[in-house]
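Containing mmCIF, C-alpha atoms: work36.cif.
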data_protein
loop_
_atom_site.label_atom_id
_atom_site.label_comp_id
_atom_site.auth_asym_id
_atom_site.auth_seq_id
_atom_site.Cartn_x
_atom_site.Cartn_y
_atom_site.Cartn_z
CA MET A 1 94.34 106.49 116.26
CA TYR A 2 95.82 105.88 112.84
CA PHE A 3 95.62 109.32 111.25
CA CYS A 4 98.62 111.62 111.52
CA THR A 5 97.99 115.24 112.49
CA LEU A 6 100.90 116.39 110.36
CA MET A 7 98.88 116.80 107.17
CA GLN A 8 100.72 116.52 103.89
CA LYS A 9 98.83 116.01 100.66
CA MET A 10 99.14 112.53 99.20
CA ILE A 11 99.29 111.68 95.51
CA THR A 12 97.20 108.75 94.28
CA ILE A 13 97.99 107.03 90.99
CA LEU A 14 95.31 104.65 89.78
CA GLY A 15 94.41 102.95 86.54
CA PRO A 16 93.58 99.60 84.95
CA THR A 17 95.99 96.70 84.80
CA ALA A 18 98.80 97.12 82.26
CA SER A 19 98.55 100.93 82.26
CA GLY A 20 102.04 101.44 83.70
CA LYS A 21 101.05 102.79 87.13
CA THR A 22 104.02 101.43 89.08
CA PRO A 23 106.86 102.72 86.85
CA LEU A 24 105.18 106.12 86.86
CA ALA A 25 104.79 106.14 90.64
CA ALA A 26 108.42 105.10 91.06
CA ALA A 27 109.65 107.85 88.71
CA LEU A 28 107.54 110.38 90.59
CA ALA A 29 108.81 109.13 93.96
CA LEU A 30 112.40 109.50 92.78
CA ARG A 31 111.71 113.06 91.69
CA ILE A 32 110.06 114.23 94.92
CA GLY A 33 111.58 111.93 97.51
CA GLY A 34 108.29 110.11 97.98
CA GLU A 35 107.42 106.59 99.08
CA ILE A 36 104.88 104.26 97.50
CA ILE A 37 101.97 102.61 99.30
CA SER A 38 100.61 99.74 97.24
CA ALA A 39 96.85 99.53 96.67
CA ASP A 40 96.77 96.01 95.24
CA SER A 41 94.72 93.37 97.02
CA ARG A 42 96.98 90.49 95.94
CA GLN A 43 100.47 91.94 96.13
CA VAL A 44 100.25 91.74 99.92
CA TYR A 45 101.05 88.00 99.65
CA ARG A 46 104.60 86.71 99.83
CA ARG A 47 105.86 84.39 97.07
CA MET A 48 102.93 85.35 94.86
CA ASP A 49 105.12 87.47 92.64
CA ILE A 50 104.70 86.74 88.94
CA GLY A 51 100.95 86.18 89.03
CA THR A 52 100.30 89.40 90.96
CA GLY A 53 102.62 91.40 88.71
CA LYS A 54 104.75 92.82 91.52
CA ASP A 55 107.55 93.68 89.07
CA LEU A 56 109.79 94.72 91.96
CA THR A 57 112.44 95.83 89.48
CA ASP A 58 110.18 98.83 88.81
CA TYR A 59 111.15 100.08 92.28
CA ARG A 60 114.83 100.27 91.30
CA ILE A 61 115.72 103.16 88.99
CA LEU A 62 119.12 103.75 87.45
CA VAL A 63 120.51 107.21 88.17
CA ASP A 64 123.85 107.87 86.46
CA GLY A 65 124.29 104.12 86.19
CA VAL A 66 123.64 103.53 89.90
CA PRO A 67 120.42 101.73 90.97
CA VAL A 68 118.32 103.73 93.42
CA ALA A 69 115.76 101.82 95.49
CA ILE A 70 112.33 103.45 95.79
CA PRO A 71 110.76 102.65 99.19
CA TYR A 72 107.46 100.79 99.01
CA HIS A 73 104.91 99.58 101.55
CA LEU A 74 102.14 96.93 101.83
CA ILE A 75 103.81 94.43 99.52
CA ASP A 76 104.82 90.97 100.87
CA ILE A 77 103.19 91.49 104.26
CA CYS A 78 101.26 88.23 104.74
CA GLU A 79 101.40 84.54 103.87
CA PRO A 80 99.65 82.88 100.92
CA GLY A 81 96.54 80.99 101.95
CA THR A 82 95.38 83.72 104.33
CA LYS A 83 92.42 85.97 103.59
CA TYR A 84 93.63 89.56 103.73
CA ASN A 85 90.71 92.00 103.74
CA LEU A 86 89.69 95.62 103.44
CA PHE A 87 89.51 96.19 107.20
CA GLN A 88 93.12 95.04 107.58
CA TYR A 89 94.18 97.12 104.60
CA GLN A 90 92.77 100.30 106.13
CA GLN A 91 94.76 99.75 109.30
CA ASP A 92 97.95 98.85 107.43
CA PHE A 93 97.53 101.82 105.10
CA PHE A 94 97.31 104.32 107.94
CA ASP A 95 100.29 102.77 109.71
CA ALA A 96 102.35 103.22 106.52
CA TYR A 97 100.86 106.65 105.81
CA ASN A 98 101.70 107.96 109.29
CA ASN A 99 105.19 106.52 109.07
CA ILE A 100 105.88 108.25 105.76
CA ILE A 101 104.36 111.58 106.77
CA GLY A 102 106.17 111.47 110.09
CA ARG A 103 109.50 111.33 108.28
CA GLY A 104 108.62 114.31 106.10
CA LYS A 105 108.15 112.26 102.93
CA THR A 106 105.28 112.38 100.44
CA PRO A 107 103.09 109.25 100.31
CA ILE A 108 102.14 108.02 96.84
CA LEU A 109 99.21 105.58 96.84
CA CYS A 110 99.46 103.41 93.74
CA GLY A 111 97.35 100.52 92.50
CA GLY A 112 94.32 99.21 90.71
CA THR A 113 92.14 97.86 93.52
CA GLY A 114 89.49 100.57 93.45
CA LEU A 115 87.76 99.44 96.63
CA TYR A 116 90.98 99.73 98.64
CA ILE A 117 91.73 103.16 97.18
CA GLU A 118 88.24 104.52 97.78
CA ALA A 119 88.09 103.11 101.30
CA VAL A 120 91.17 105.00 102.48
CA LEU A 121 90.48 108.20 100.55
CA LYS A 122 86.91 108.44 101.79
CA GLY A 123 87.59 107.01 105.26
CA TYR A 124 85.14 104.10 105.23
CA HIS A 125 83.98 103.08 108.69
CA LEU A 126 84.50 99.33 108.74
CA SER A 127 84.48 96.62 111.36
CA PRO A 128 86.10 93.17 111.47
CA VAL A 129 83.54 90.60 110.36
CA PRO A 130 83.70 87.08 111.83
CA GLN A 131 82.89 83.99 109.82
CA ASN A 132 79.25 82.90 109.89
CA GLN A 133 79.37 79.15 109.38
CA ALA A 134 75.60 78.73 109.41
CA LEU A 135 75.27 81.29 106.62
CA ARG A 136 78.10 79.65 104.67
CA ASP A 137 76.40 76.27 104.96
CA ARG A 138 73.15 77.73 103.58
CA LEU A 139 74.95 79.31 100.64
CA GLU A 140 77.04 76.28 99.76
CA GLY A 141 76.17 74.86 96.35
CA LYS A 142 74.64 78.06 94.99
CA SER A 143 75.94 79.35 91.65
CA LEU A 144 77.93 82.55 91.28
CA GLN A 145 74.95 84.09 89.47
CA GLU A 146 72.63 83.27 92.38
CA LEU A 147 75.12 84.60 94.91
CA THR A 148 75.63 87.79 92.91
CA LYS A 149 71.86 88.45 92.94
CA MET A 150 71.75 87.90 96.70
CA LEU A 151 74.66 90.26 97.19
CA ALA A 152 73.02 92.95 95.05
CA ALA A 153 69.85 92.73 97.16
CA LEU A 154 71.86 93.09 100.37
CA LYS A 155 73.76 96.07 99.00
CA GLU A 156 70.46 97.81 98.25
CA LYS A 157 69.52 97.44 101.92
CA THR A 158 72.87 98.60 103.29
CA GLY A 159 73.56 101.28 100.68
CA SER A 160 77.00 99.77 100.25
CA VAL A 161 79.33 100.51 97.35
CA MET A 162 81.63 97.68 98.37
CA HIS A 163 82.05 94.32 96.66
CA ASN A 164 81.91 95.36 93.04
CA THR A 165 82.16 92.54 90.48
CA THR A 166 85.81 93.59 90.09
CA ASP A 167 86.45 91.85 93.40
CA VAL A 168 83.70 89.20 93.52
CA ASP A 169 84.61 86.80 90.74
CA SER A 170 84.22 83.42 92.45
CA CYS A 171 81.65 81.70 94.66
CA GLN A 172 84.04 81.81 97.62
CA ARG A 173 84.53 85.55 97.30
CA ALA A 174 80.80 86.13 96.77
CA ILE A 175 79.95 84.16 99.92
CA ARG A 176 82.44 86.21 101.93
CA ALA A 177 80.95 89.43 100.52
CA ILE A 178 77.44 88.28 101.48
CA GLU A 179 78.77 87.39 104.93
CA ILE A 180 80.18 90.92 105.34
CA GLU A 181 77.09 92.69 104.04
CA THR A 182 74.83 90.53 106.23
CA TYR A 183 76.92 91.33 109.29
CA ASN A 184 76.88 95.06 108.52
CA LEU A 185 73.10 94.94 108.09
CA GLU A 186 72.60 93.25 111.46
CA HIS A 187 75.25 95.09 113.49
CA PRO A 188 75.69 98.86 113.83
CA MET A 189 79.19 99.80 112.81
CA PRO A 190 81.49 101.12 115.53
CA CYS A 191 83.08 104.43 114.63
CA ARG A 192 86.83 104.38 114.11
CA ASP A 193 89.00 107.44 113.85
CA LEU A 194 89.90 106.99 110.18
CA PRO A 195 89.08 110.26 108.43
CA PRO A 196 89.25 110.90 104.70
CA VAL A 197 92.69 111.52 103.21
CA ASP A 198 93.33 114.59 101.09
CA SER A 199 94.93 113.46 97.85
CA LEU A 200 95.60 114.57 94.31
CA ILE A 201 94.22 111.69 92.23
CA ILE A 202 95.89 110.83 88.93
CA GLY A 203 94.29 108.33 86.57
CA VAL A 204 96.48 106.62 83.99
CA SER A 205 94.39 106.24 80.85
CA ILE A 206 95.40 103.76 78.17
CA ASP A 207 93.71 103.26 74.82
CA ARG A 208 91.64 100.07 74.78
CA ALA A 209 93.50 98.54 71.83
CA ALA A 210 96.89 99.35 73.37
CA ARG A 211 95.75 97.96 76.70
CA ARG A 212 94.58 94.70 75.14
CA GLU A 213 97.86 94.29 73.25
CA LYS A 214 99.89 94.97 76.39
CA ILE A 215 97.81 92.57 78.50
CA THR A 216 98.33 89.74 75.99
CA ARG A 217 102.06 90.42 75.66
CA ARG A 218 102.48 90.63 79.43
CA LEU A 219 100.55 87.41 80.02
CA LYS A 220 102.80 85.53 77.57
CA ALA A 221 105.89 86.95 79.27
CA ARG A 222 104.71 85.99 82.75
CA LEU A 223 103.99 82.44 81.68
CA GLU A 224 107.48 82.25 80.16
CA GLU A 225 108.98 83.71 83.35
CA GLY A 226 107.63 80.86 85.45
CA MET A 227 104.10 81.69 86.57
CA ILE A 228 103.07 78.04 86.29
CA ASP A 229 106.02 76.95 88.44
CA GLU A 230 105.09 79.65 90.95
CA VAL A 231 101.60 78.17 91.30
CA ARG A 232 103.00 74.63 91.53
CA GLY A 233 105.34 75.78 94.28
CA LEU A 234 102.47 77.28 96.27
CA LEU A 235 100.47 74.06 95.94
CA ASP A 236 103.54 72.06 97.00
CA GLU A 237 103.69 74.19 100.16
CA GLY A 238 100.32 72.75 101.06
CA ILE A 239 98.17 75.74 100.17
CA PRO A 240 94.72 74.31 99.31
CA VAL A 241 93.55 74.53 95.71
CA GLU A 242 90.43 76.44 96.73
CA ASN A 243 92.56 79.11 98.42
CA LEU A 244 94.54 79.78 95.27
CA VAL A 245 91.37 79.81 93.19
CA TYR A 246 90.00 82.37 95.69
CA TYR A 247 92.69 84.85 94.64
CA GLY A 248 91.25 84.88 91.13
CA LEU A 249 92.64 85.62 87.67
CA GLU A 250 96.11 84.11 87.16
CA TYR A 251 95.94 81.94 90.28
CA LYS A 252 92.46 80.65 89.50
CA PHE A 253 93.14 79.68 85.88
CA VAL A 254 96.72 78.47 86.28
CA THR A 255 95.68 76.35 89.27
CA GLU A 256 92.95 74.76 87.18
CA TYR A 257 95.57 73.96 84.52
CA VAL A 258 98.12 72.60 87.00
CA THR A 259 95.49 70.34 88.59
CA GLY A 260 94.46 68.96 85.19
CA GLN A 261 91.08 70.64 84.87
CA THR A 262 91.96 72.48 81.64
CA THR A 263 94.53 72.35 78.86
CA TYR A 264 97.25 74.96 78.44
CA VAL A 265 95.48 76.50 75.44
CA GLU A 266 92.16 76.66 77.30
CA MET A 267 93.87 78.17 80.32
CA PHE A 268 95.59 80.86 78.26
CA GLN A 269 92.47 81.81 76.31
CA ARG A 270 90.20 81.96 79.35
CA LEU A 271 92.76 83.85 81.43
CA GLU A 272 93.41 86.37 78.67
CA ILE A 273 89.67 87.08 78.38
CA ALA A 274 89.33 87.32 82.18
CA ILE A 275 92.14 89.89 82.45
CA HIS A 276 90.61 92.00 79.67
CA GLN A 277 87.27 91.87 81.50
CA PHE A 278 88.98 92.72 84.78
CA ALA A 279 90.60 95.83 83.26
CA LYS A 280 87.22 96.93 81.95
CA ARG A 281 85.65 96.49 85.40
CA GLN A 282 88.46 98.48 86.97
CA MET A 283 87.67 101.40 84.67
CA THR A 284 83.98 101.06 85.56
CA TRP A 285 84.90 101.38 89.23
CA PHE A 286 87.06 104.45 88.63
CA ARG A 287 84.30 106.12 86.60
CA GLY A 288 82.00 105.31 89.49
CA MET A 289 84.38 107.08 91.86
CA GLU A 290 84.04 110.19 89.72
CA ARG A 291 80.25 109.96 89.97
CA ARG A 292 80.64 109.63 93.74
CA GLY A 293 82.47 112.94 93.92
CA PHE A 294 86.15 112.16 93.38
CA THR A 295 88.12 114.34 90.96
CA ILE A 296 90.46 112.18 88.88
CA HIS A 297 92.95 113.89 86.59
CA TRP A 298 93.47 111.54 83.65
CA ILE A 299 96.78 111.45 81.80
CA ASP A 300 97.78 109.45 78.72
CA ALA A 301 99.69 106.28 79.58
CA LEU A 302 101.54 106.30 76.27
CA GLN A 303 103.30 109.61 76.87
CA PRO A 304 107.00 109.61 77.89
CA THR A 305 107.42 109.05 81.62
CA GLU A 306 109.06 112.41 82.20
CA ASP A 307 106.13 114.19 80.55
CA LYS A 308 103.68 112.35 82.81
CA VAL A 309 105.72 113.17 85.90
CA GLN A 310 105.81 116.83 84.95
CA GLN A 311 102.04 116.90 84.45
CA ILE A 312 101.54 115.46 87.93
CA LEU A 313 103.93 117.98 89.49
CA THR A 314 102.11 120.83 87.75
CA LEU A 315 98.78 119.62 89.10
CA TYR A 316 100.27 119.06 92.55
CA SER A 317 101.68 122.58 92.77
CA ARG A 318 98.34 124.29 92.08
#
Would you put the structure from the file into structure tokens?
Amino acid sequence: MYFCTLMQKMITILGPTASGKTPLAAALALRIGGEIISADSRQVYRRMDIGTGKDLTDYRILVDGVPVAIPYHLIDICEPGTKYNLFQYQQDFFDAYNNIIGRGKTPILCGGTGLYIEAVLKGYHLSPVPQNQALRDRLEGKSLQELTKMLAALKEKTGSVMHNTTDVDSCQRAIRAIEIETYNLEHPMPCRDLPPVDSLIIGVSIDRAARREKITRRLKARLEEGMIDEVRGLLDEGIPVENLVYYGLEYKFVTEYVTGQTTYVEMFQRLEIAIHQFAKRQMTWFRGMERRGFTIHWIDALQPTEDKVQQILTLYSR
């Protein structure tokens, strides 16, 4: 059993990439003595730091000139090249959640992976899905468009809200999603004791123009900070090209550049567009959560941090 009987209301901070979720969560945690549980599907991987935007310095806040470390969970918990999944995330989340609650602290779920957030808040009943090599062989060579249509048809049969295009952006990911949906269609799901989690949900809203400017500025900074060398280092470790491409966005496009498939300019332009599209899909997911019954309290990302923290505390105390 993963769920703790000592109920204490969690705070969830979600929003699109570049909205400033992590600094806000850290400031809030400092104020209330909370601890952060990451809801980012790629920050679980060690040594994938710049491309995933871990920004671990955000978890250290100066108080009277002294750095205070904000505790965080579910970051750097598995090796690059592995395929971390939603089923594992649910289990890891509840382990962290119980640990935090058990010590009398307030858990703060923070991230932009909408599927992960919704799964733990709603208490999805999931099962581990084995690889289906015969199915993979049949799907090999199909285009992403073909795979996406197949996935949509399966989701209609299962009634699933999983595997939004936010997460399925490559053939490899689409095949895995089809594999999961096919398994769930053919096998009744065993019930696991993972109930919904009561949480105040805060959405960090950022104006589209401001978001686009911040995404571009941040991408340039990450490339200057060594994102290309980070990808080269992962490849030098022996991580297969297709595994890095599987992780999408920065790792997909930078890997293509490092392996000579694109020029630097092409890489930057395509990656910039892909991140903008990703942010838009994230917002689509969050709006979908509202249609599915979640109440999200939206606050302006461009306000001073202290003002945002105070708004959250006011909502939390109601």
query: range 14-16 of chain A: which residues within 6 Å, counting all atoms listed in the file, same-chain residues fewer than 3 positions away excluded, as a PyMOL selection string?
result: chain A and resi 19+110-112+203-204+279+282
- Message: So the first atom is CA of Asn243 in chain A and the second is CA of Gly20 in chain A; what is the distance between them in Å, to one decimal place?
- Response: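 Distance reported for this atom pair: 28.4 Å.
Once range 268-277 of chain A and its same-chain neighbours fewer than 3 positions away are set aside, Arg212, Ile215, Thr216, Leu219, Leu249, Glu250, Phe253, Tyr264, Val265, Lys280 and Arg281 of chain A remain within 8 Å of it when counting all atoms listed in the file.
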### Task
Using the chain letters and numbering of this document, enumerate as number ranges by chain the residues selected by the PyMOL selection byres ((chain A and resi 11) around 7).
A: 9-10, 12-13, 107-109, 199-201
List the residues matched by the PyMOL selection byres ((chain A and resi 82-86) around 12) in the displayed structure as a short mmCIF file (atom, residue, chain, number, x, y, z; two decimals) with C-alpha atoms, in the frame of the given file, ordered by chain and then by residue number.
data_model
loop_
_atom_site.label_atom_id
_atom_site.label_comp_id
_atom_site.auth_asym_id
_atom_site.auth_seq_id
_atom_site.Cartn_x
_atom_site.Cartn_y
_atom_site.Cartn_z
CA ALA A 39 96.85 99.53 96.67
CA ASP A 40 96.77 96.01 95.24
CA SER A 41 94.72 93.37 97.02
CA ARG A 42 96.98 90.49 95.94
CA GLN A 43 100.47 91.94 96.13
CA VAL A 44 100.25 91.74 99.92
CA TYR A 45 101.05 88.00 99.65
CA ARG A 46 104.60 86.71 99.83
CA LEU A 74 102.14 96.93 101.83
CA ASP A 76 104.82 90.97 100.87
CA ILE A 77 103.19 91.49 104.26
CA CYS A 78 101.26 88.23 104.74
CA GLU A 79 101.40 84.54 103.87
CA PRO A 80 99.65 82.88 100.92
CA GLY A 81 96.54 80.99 101.95
CA PHE A 87 89.51 96.19 107.20
CA GLN A 88 93.12 95.04 107.58
CA TYR A 89 94.18 97.12 104.60
CA GLN A 90 92.77 100.30 106.13
CA GLN A 91 94.76 99.75 109.30
CA ASP A 92 97.95 98.85 107.43
CA PHE A 93 97.53 101.82 105.10
CA THR A 113 92.14 97.86 93.52
CA GLY A 114 89.49 100.57 93.45
CA LEU A 115 87.76 99.44 96.63
CA TYR A 116 90.98 99.73 98.64
CA ILE A 117 91.73 103.16 97.18
CA GLU A 118 88.24 104.52 97.78
CA ALA A 119 88.09 103.11 101.30
CA VAL A 120 91.17 105.00 102.48
CA GLY A 123 87.59 107.01 105.26
CA TYR A 124 85.14 104.10 105.23
CA HIS A 125 83.98 103.08 108.69
CA LEU A 126 84.50 99.33 108.74
CA SER A 127 84.48 96.62 111.36
CA PRO A 128 86.10 93.17 111.47
CA VAL A 129 83.54 90.60 110.36
CA PRO A 130 83.70 87.08 111.83
CA GLN A 131 82.89 83.99 109.82
CA MET A 162 81.63 97.68 98.37
CA HIS A 163 82.05 94.32 96.66
CA ASP A 167 86.45 91.85 93.40
CA GLN A 172 84.04 81.81 97.62
CA ARG A 173 84.53 85.55 97.30
CA ARG A 176 82.44 86.21 101.93
CA ALA A 177 80.95 89.43 100.52
CA ILE A 180 80.18 90.92 105.34
CA ILE A 239 98.17 75.74 100.17
CA PRO A 240 94.72 74.31 99.31
CA GLU A 242 90.43 76.44 96.73
CA ASN A 243 92.56 79.11 98.42
CA LEU A 244 94.54 79.78 95.27
CA TYR A 246 90.00 82.37 95.69
CA TYR A 247 92.69 84.85 94.64
#
Q. Out of A:Lys105, A:Leu234, A:Lys122, A:Ile178, which residue has the shortest atom-to-atom distance to Leu139 in chain A when counting all atoms listed in the file?
A.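 For Leu139 in chain A, the nearest of the candidates is A:Ile178.
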Here is a test: counting only C-alpha atoms, which residue of A:Glu181, A:Asp55, A:Glu35, A:Glu140 is nearest to Ile100 in chain A?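 Of A:Glu181, A:Asp55, A:Glu35, A:Glu140, the one nearest Ile100 in chain A is A:Glu35, counting only C-alpha atoms.
With distances taken over all atoms listed in the file, A:Ile36 is the one residue among A:Ile299, A:Leu154, A:Val258, A:Ile36 lying closest to Tyr59 in chain A.
We find CA of Val309 in chain A and CA of Leu28 in chain A to be spaced 5.8 Å apart.
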Using Å and a single decimal, report how far CA of Glu290 in chain A sits from CA of Ile202 in chain A.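 Calculated distance between CA of Ile202 in chain A and CA of Glu290 in chain A is 11.9 Å.
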Which residues, named as in the file, does the PyMOL selection byres ((chain A and resi 71) around 10) pick out? Answer as a VMD selection string. chain A and resid 26 29 to 30 33 to 37 59 to 60 68 to 70 72 to 73 100
